[in-house]
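Beneath this line is the structure, given in structure tokens, with notes to follow.
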Amino acid sequence: GGGGGGGGGGGQQQTWLARLHERFSQGDERFRAISPYFTGARILRQPPVECLFCFICSQNNNIGRITGMVNRLCENYGTYIGELDDRKYYSFPTLEQIERATEEDLRRLGFGFRAKYIVGSARAIGELGGEDALIALRSASRSDAHAFLERLPGIGPKVASCVCLFALDKHDDIPVDTHVWQIANRDFQMGLKGKSLTKKIYAQIGDKFRDKFGEYAGWAHQIMFIADLREYAARLPEHLQPKNDEQ
């Protein structure tokens with residue numbers, strides 16, 4: 001839970017965040033119980049191109065393999081920045097640089113089925129107005145941003161929500177995966193057992209978070225999500241560790 005951060009605004013940001021967490025705690029008992037164990041959690045505001053292609057890499061994947069894929073994208077298509085401690089560093093590729101990739105090249109680099117989506121999405125974004133069109137989504141509504149993103153190859157509601165939350169200023173968007181499903185079912189008693197994640201249920205889970213936490217619901221969601229991951233749940237005392245018997 002870092003200190004004041006750089007510059008004069010750090011202390012103010014900490015105070016603002018503390019007030020936000022206090023508001024979240026009033027909305028939900030579990031948030032109040034677990035949030036003191038994850039005070040360092042933050043939401044990044046990523047460049048939209050980087051965010052979108054990283055989340056395409058994340059599909060059916062784990063952190064180690066995602067990191068490897070993102071590094072290979074940078075090394076093969078990004079711009080060389082420099083060397084430090086015998087390691088070469090590259091920028092994340094621009095949309096134009098990604099458009100040079102072929103599906104065959106990416107499959108050879110180990111991207112698997114995601115190769116088709118990376119090539120297809122790069123081409124589609126180029127045709128729809130390029131990076132500027134993605135940046136313009138920051139001032140669009142959440143539903144309009146989703147409509148745009150879900151037209152791209154391989155982008156469903158969850159990846160669209162991730163891009164909206166982490167790059168497009170949609171602070172109330174809720175990416176729903178198995179962990180968030182568990183939270184909705186176990187902690188919010190949504191009675192989802194035996195149901196499948198249709199678009200309607202996806203929206204209902206998001207609405208439940210928004211009702212509880214308000215316009216920054218995605219920030220509250222992030223802490224609840226982290227607390228549900230096995231490697232971080234271990235920070236919690238026994239009685240607060242997630243019990244996921246109910247699928």
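Chains: A, B, ... in order of the structure tokens. Residues: from 1 per chain. Ligands: from 1, in order shown.
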
### Query
So which residues of range 5-245 of chain A fall under helix (DSSP H, G or I) by DSSP, listed as an NGL selection string?
:A and (9-27 or 29-38 or 48-57 or 63-77 or 95-99 or 103-108 or 114-127 or 130-139 or 142-149 or 157-167 or 178-186 or 199-228 or 230-233 or 238-240)

With 8 Å as the cut-off and only C-alpha atoms counted, what is the closest atom pair between each nearby residue of range 112-194 of chain A and range 221-245 of chain A? Distances in Å to one decimal, ordered by chain and number, as CSV.
```
residue,atom,partner,partner_atom,distance
A:Ile174,CA,A:His221,CA,6.9
A:His179,CA,A:Asp228,CA,6.4
A:Val180,CA,A:Phe225,CA,6.3
A:Gln182,CA,A:Asn244,CA,6.8
A:Ile183,CA,A:Met224,CA,7.6
A:Arg186,CA,A:Asn244,CA,7.5
```

### Task
Would you mind listing what lies within 10 Å of Pro47 in chain A as a ChimeraX atom specification, with only C-alpha atoms counted and same-chain residues fewer than 4 positions away left out?
/A:51-52,92,131,134-135,163,166-168

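Using only C-alpha atoms, the protein and nucleic acid residues lying no more than 10 Å from Gly156 in chain A, apart from those fewer than 5 places from it along its own chain, are Ile56, His146, Ala147, Leu149, Glu150, Arg151, Ser161 and Lys199 of chain A.
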
### Query
For the atom pair CA of Ala220 in chain A and CA of Gly68 in chain A, what is the interatomic distance in Å to one decimal place?
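We find that CA of Ala220 in chain A and CA of Gly68 in chain A lie 28.6 Å from each other.
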
### Task
Write out as a count of residues only which residues come within 7 Å of Val119 in chain A when counting only C-alpha atoms, dropping same-chain ones fewer than 4 positions away.
6

### Query
What's the 10 Å shell around Asn76 in chain A, counting only C-alpha atoms, without same-chain residues fewer than 2 positions away, as a list in words?
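The residues satisfying every condition are Asn71, Arg72, Leu73, Cys74, Gly78, Thr79, Tyr80, Tyr90, Phe92, Pro93, Gln97, Ile98, Ala101, Asp105, Leu106 and Leu109 of chain A.
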
### Task
State, in Å with one decimal place, the distance from CA of Ala41 in chain A to CA of Asp177 in chain A.
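If I compute the distance from CA of Ala41 in chain A to CA of Asp177 in chain A, I get 18.8 Å.
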